[in-house]
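> Structure file input_19.txt (compact mmCIF, C-alpha atoms) right here:
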# COMPACT_ATOMS: atom_id res chain seq x y z
CA MET B 1 12.43 -1.49 22.91
CA LYS B 2 15.58 -0.51 21.05
CA ASN B 3 18.01 -3.32 20.26
CA GLU B 4 21.23 -3.55 18.25
CA TYR B 5 19.40 -3.91 14.94
CA PHE B 6 17.41 -0.76 15.64
CA TYR B 7 20.59 1.29 15.91
CA GLU B 8 21.66 -0.08 12.53
CA ILE B 9 18.47 1.01 10.82
CA GLU B 10 18.39 4.28 12.74
CA LYS B 11 21.61 5.23 10.92
CA THR B 12 19.93 4.40 7.62
CA TYR B 13 16.88 6.44 8.56
CA LYS B 14 18.99 9.51 9.27
CA LYS B 15 20.68 9.06 5.90
CA ILE B 16 17.48 8.76 3.85
CA LYS B 17 15.00 10.72 5.99
CA LYS B 18 14.83 13.58 3.50
CA ASP B 19 14.03 11.17 0.66
CA ILE B 20 11.35 9.47 2.77
CA ASP B 21 9.80 12.81 3.70
CA ASN B 22 9.73 13.85 0.05
CA ARG B 23 8.05 10.61 -1.00
CA LEU B 24 5.40 10.99 1.71
CA LYS B 25 4.70 14.52 0.46
CA GLU B 26 4.24 13.09 -3.03
CA TYR B 27 1.70 10.60 -1.68
CA LYS B 28 -0.29 13.38 -0.02
CA ASN B 29 -0.13 15.48 -3.18
CA THR B 30 -1.58 12.55 -5.12
CA TRP B 31 -4.72 12.76 -3.01
CA GLU B 32 -4.90 16.54 -2.71
CA HIS B 33 -4.34 17.28 -6.39
CA GLY B 34 -5.20 13.99 -8.08
CA SER B 35 -8.34 13.28 -10.06
CA ASN B 36 -10.80 10.44 -9.55
CA GLU B 37 -8.91 8.60 -12.28
CA ASP B 38 -5.55 9.16 -10.55
CA ILE B 39 -6.84 7.71 -7.28
CA HIS B 40 -8.45 4.82 -9.14
CA ALA B 41 -5.11 4.03 -10.76
CA GLU B 42 -3.47 3.88 -7.32
CA LEU B 43 -6.19 1.53 -6.08
CA SER B 44 -5.84 -0.63 -9.18
CA PHE B 45 -2.08 -0.75 -8.69
CA CYS B 46 -2.54 -2.32 -5.25
CA ILE B 47 -4.68 -5.08 -6.76
CA LEU B 48 -1.72 -5.98 -8.96
CA THR B 49 1.02 -5.97 -6.32
CA PRO B 50 0.44 -9.27 -4.42
CA GLN B 51 3.30 -11.68 -5.21
CA SER B 52 4.52 -9.29 -7.92
CA LYS B 53 7.14 -6.58 -8.13
CA ALA B 54 5.80 -3.11 -7.42
CA ARG B 55 7.62 -1.62 -10.40
CA ASN B 56 6.06 -4.17 -12.75
CA ALA B 57 2.62 -3.52 -11.31
CA TRP B 58 2.99 0.24 -11.77
CA LYS B 59 4.37 -0.24 -15.29
CA ALA B 60 1.26 -2.24 -16.18
CA ILE B 61 -1.03 0.47 -14.77
CA THR B 62 0.90 3.18 -16.62
CA ASN B 63 0.74 1.28 -19.91
CA MET B 64 -3.00 0.70 -19.55
CA ARG B 65 -3.61 4.38 -18.83
CA ASN B 66 -1.41 5.49 -21.70
CA ASP B 67 -3.37 3.25 -24.07
CA ASN B 68 -6.70 4.46 -22.63
CA ILE B 69 -7.75 0.94 -21.71
CA LEU B 70 -7.67 0.88 -17.89
CA PHE B 71 -11.12 2.50 -17.72
CA THR B 72 -12.65 0.84 -20.77
CA GLY B 73 -11.07 -2.56 -21.46
CA THR B 74 -12.56 -6.00 -20.88
CA ALA B 75 -10.82 -8.44 -18.54
CA GLU B 76 -9.34 -10.20 -21.57
CA GLU B 77 -7.97 -6.93 -22.94
CA LEU B 78 -6.51 -5.91 -19.58
CA ALA B 79 -4.90 -9.31 -19.09
CA GLU B 80 -2.73 -8.69 -22.16
CA TYR B 81 -1.02 -5.91 -20.18
CA LEU B 82 -0.49 -8.05 -17.09
CA ASN B 83 2.10 -10.54 -18.30
CA ILE B 84 4.60 -8.88 -15.96
CA VAL B 85 2.53 -9.62 -12.84
CA ARG B 86 1.38 -12.92 -11.35
CA PHE B 87 -2.18 -14.26 -11.63
CA LYS B 88 -2.90 -11.93 -14.52
CA ASN B 89 -6.31 -13.37 -15.43
CA ASN B 90 -7.73 -13.13 -11.92
CA LYS B 91 -6.29 -9.67 -11.42
CA ALA B 92 -7.73 -8.50 -14.74
CA LYS B 93 -11.17 -9.62 -13.57
CA TYR B 94 -10.66 -7.82 -10.25
CA LEU B 95 -9.75 -4.62 -12.10
CA VAL B 96 -12.95 -4.76 -14.12
CA GLU B 97 -15.04 -5.46 -11.03
CA LEU B 98 -13.37 -2.57 -9.21
CA ARG B 99 -14.05 -0.26 -12.12
CA ASN B 100 -17.72 -1.24 -12.07
CA GLN B 101 -17.87 -0.54 -8.33
CA MET B 102 -16.32 2.88 -8.82
CA THR B 103 -18.40 4.03 -11.79
CA ASP B 104 -21.58 6.06 -11.31
CA GLU B 105 -24.79 5.87 -13.33
CA ASN B 106 -23.37 8.40 -15.81
CA GLY B 107 -20.32 6.25 -16.51
CA LYS B 108 -17.97 8.50 -14.49
CA ILE B 109 -15.16 7.17 -12.29
CA ILE B 110 -15.84 8.35 -8.71
CA THR B 111 -13.05 6.68 -6.72
CA LYS B 112 -11.73 9.80 -4.99
CA ASP B 113 -15.21 11.15 -4.33
CA PHE B 114 -16.29 7.80 -2.92
CA PHE B 115 -13.43 7.48 -0.45
CA SER B 116 -13.80 11.12 0.54
CA SER B 117 -17.18 10.20 2.00
CA PHE B 118 -15.58 8.15 4.80
CA LYS B 119 -14.69 10.07 7.94
CA THR B 120 -11.64 8.04 9.02
CA VAL B 121 -8.85 6.03 7.45
CA ASN B 122 -10.02 2.95 9.35
CA GLU B 123 -13.45 3.23 7.77
CA LYS B 124 -11.83 3.49 4.35
CA ARG B 125 -9.71 0.42 5.07
CA GLU B 126 -12.59 -1.66 6.41
CA TRP B 127 -14.64 -0.95 3.31
CA ILE B 128 -11.79 -1.96 1.00
CA VAL B 129 -11.14 -5.22 2.85
CA ASN B 130 -14.83 -6.14 2.89
CA ASN B 131 -15.75 -5.08 -0.62
CA ILE B 132 -12.86 -5.17 -3.10
CA LYS B 133 -11.80 -8.52 -4.51
CA GLY B 134 -8.06 -9.12 -4.48
CA MET B 135 -7.40 -6.72 -1.61
CA ALA B 136 -6.92 -7.62 2.05
CA TRP B 137 -5.44 -5.66 4.97
CA LYS B 138 -1.98 -5.28 3.48
CA GLU B 139 -3.21 -4.11 0.07
CA ALA B 140 -5.74 -1.74 1.62
CA GLY B 141 -3.02 -0.21 3.78
CA HIS B 142 -0.71 0.04 0.78
CA PHE B 143 -3.30 2.01 -1.20
CA LEU B 144 -4.13 4.32 1.68
CA ARG B 145 -0.45 5.01 2.38
CA ASN B 146 0.13 5.75 -1.30
CA VAL B 147 -2.54 8.44 -1.25
CA GLY B 148 -1.37 10.05 1.97
CA PHE B 149 -3.28 8.24 4.72
CA GLY B 150 -0.49 6.05 6.10
CA SER B 151 0.35 7.74 9.40
CA GLU B 152 -1.68 5.33 11.56
CA ILE B 153 -1.78 2.08 9.58
CA ALA B 154 0.64 -0.75 8.81
CA ILE B 155 1.42 -2.57 5.57
CA LEU B 156 2.37 -6.06 6.70
CA ASP B 157 3.97 -8.55 4.36
CA ARG B 158 6.69 -11.12 5.02
CA HIS B 159 9.53 -8.67 4.39
CA ILE B 160 8.14 -6.22 6.92
CA LEU B 161 7.29 -8.97 9.41
CA LYS B 162 10.82 -10.36 9.16
CA ASN B 163 12.21 -6.98 10.15
CA LEU B 164 9.70 -6.68 12.98
CA VAL B 165 11.05 -9.94 14.40
CA ARG B 166 14.63 -8.67 14.14
CA LEU B 167 13.57 -5.52 15.97
CA GLU B 168 11.85 -7.67 18.62
CA ILE B 169 8.55 -5.90 18.02
CA ILE B 170 7.02 -9.34 17.47
CA ASP B 171 8.34 -12.74 18.53
CA GLU B 172 7.77 -14.58 15.25
CA ILE B 173 6.17 -14.27 11.85
CA PRO B 174 2.55 -15.42 12.21
CA LYS B 175 1.45 -18.34 10.04
CA THR B 176 -1.73 -16.48 9.10
CA LEU B 177 -2.68 -12.82 9.33
CA THR B 178 -6.23 -12.65 10.60
CA LYS B 179 -7.77 -9.24 11.25
CA LYS B 180 -7.15 -9.69 14.99
CA ILE B 181 -3.47 -10.57 14.54
CA TYR B 182 -2.96 -7.86 11.94
CA LEU B 183 -4.34 -5.15 14.21
CA GLU B 184 -2.41 -6.45 17.22
CA ILE B 185 0.86 -6.18 15.29
CA GLU B 186 -0.17 -2.77 13.97
CA ASN B 187 -0.68 -1.55 17.54
CA LYS B 188 2.76 -2.84 18.52
CA ILE B 189 4.27 -0.88 15.65
CA LYS B 190 2.43 2.25 16.81
CA VAL B 191 3.95 1.89 20.28
CA PHE B 192 7.41 1.30 18.82
CA CYS B 193 7.16 4.31 16.50
CA LYS B 194 5.98 6.54 19.31
CA GLU B 195 8.90 5.47 21.51
CA THR B 196 11.51 5.82 18.75
CA LYS B 197 10.00 9.00 17.26
CA ILE B 198 9.95 7.55 13.75
CA PRO B 199 6.56 8.26 12.12
CA MET B 200 4.67 5.12 11.20
CA ASP B 201 4.55 5.78 7.45
CA SER B 202 8.25 6.69 7.48
CA PHE B 203 9.01 3.47 9.35
CA ASP B 204 7.29 1.43 6.65
CA LEU B 205 9.26 3.09 3.85
CA LEU B 206 12.46 2.66 5.85
CA LEU B 207 11.91 -1.09 6.15
CA TRP B 208 11.07 -1.31 2.45
CA TYR B 209 14.27 0.54 1.64
CA LEU B 210 16.25 -1.97 3.66
CA GLU B 211 14.70 -4.78 1.61
CA ALA B 212 14.66 -3.24 -1.86
CA GLY B 213 17.38 -0.59 -1.72
CA GLU B 214 15.01 2.11 -2.95
CA ILE B 215 11.94 4.09 -1.97
CA PHE B 216 9.22 3.44 -4.52
CA LYS B 217 5.49 2.86 -4.04
Let me see whether you can do it: turn the structure in this file into structure tokens.

Amino acid sequence: MKNEYFYEIEKTYKKIKKDIDNRLKEYKNTWEHGSNEDIHAELSFCILTPQSKARNAWKAITNMRNDNILFTGTAEELAEYLNIVRFKNNKAKYLVELRNQMTDENGKIITKDFFSSFKTVNEKREWIVNNIKGMAWKEAGHFLRNVGFGSEIAILDRHILKNLVRLEIIDEIPKTLTKKIYLEIENKIKVFCKETKIPMDSFDLLLWYLEAGEIFK
């Protein structure tokens, strides 16, 4: 399944493999050593990322945490921090709804505890897709990768799909990403990664590096 483009990105992978490995360790450390609030911030971040720059989304989350408003503010108050992301009013409402879902009867954030109750990453992902407004398969995968569960799941957006076409993993970018199509493409990536010996979560960060020129979140 290797073509000419693969050999181009293979060179890049060898060059940045250490940086990718370090970032993946950071993701795992976030889960292993992070608090319920830390994991909630990561989940909230992935609500903000659609059609927005990841750095802006993380800056908004950081500012809200620094001002002690992420876990207490109304949708209107949160929206004031979201001028740097698209659809700020809807996303502010989603953040409040998420917070309500992840708060117990004593007013405590339980996000890490809640997701710890699922046995598999696929169960975690299914729950997110079915229950959290503003998050579909890509966003669910993004969150799970960012907290160390990305070794068997894909994060598919147009940038990634474009590279998958160039690598001949898929024939074309699908017009819509239904669950069936998403999982079919994910399985093709698994086969490709197994054959090329590039771990799946490393492969995702590699493709993002090719697009953005950096390894971020």
> Measuring between all atoms listed in the file, which one of B:Arg23, B:Lys112, B:Lys15, B:His142 shows the shortest distance to B:Leu48?
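Looking only at the distances to B:Leu48, the closest residue turns out to be B:His142.
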> Between atom CA of B:Asn146 and atom CA of B:Ile61, what is the distance in Å, rounded to a tenth?
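Between these atoms lies a distance of 14.5 Å.
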> Excluding same-chain residues fewer than 3 positions from stretch 150-156 of chain B, what lies within 10 Å of it counting only C-alpha atoms, as number ranges by chain?
B: 24, 27-28, 121-122, 125, 137-147, 159-162, 164, 177, 182-183, 185-187, 189-190, 199-205
> By how many Å are atom CA of B:Ala54 and atom CA of B:Ile169 apart?
25.7 Å
> Quick one: of B:Phe115, B:Ala79, B:Asp38, B:Trp31, who's nearest to B:Arg65, counting only C-alpha atoms?
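That would be B:Asp38, the residue with the smallest distance to B:Arg65.
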> Quote the spacing between atom CA of B:His40 and atom CA of B:Thr111 in Å to one decimal place.
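Straight-line distance from atom CA of B:His40 to atom CA of B:Thr111 works out to 5.5 Å.
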> Identify which of the residues B:Glu211, B:Asp113, B:Glu126, B:Glu168 lies closest to B:Glu32, counting all atoms listed in the file when measuring atom-to-atom distances.
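For B:Glu32, the nearest of the given residues is B:Asp113.
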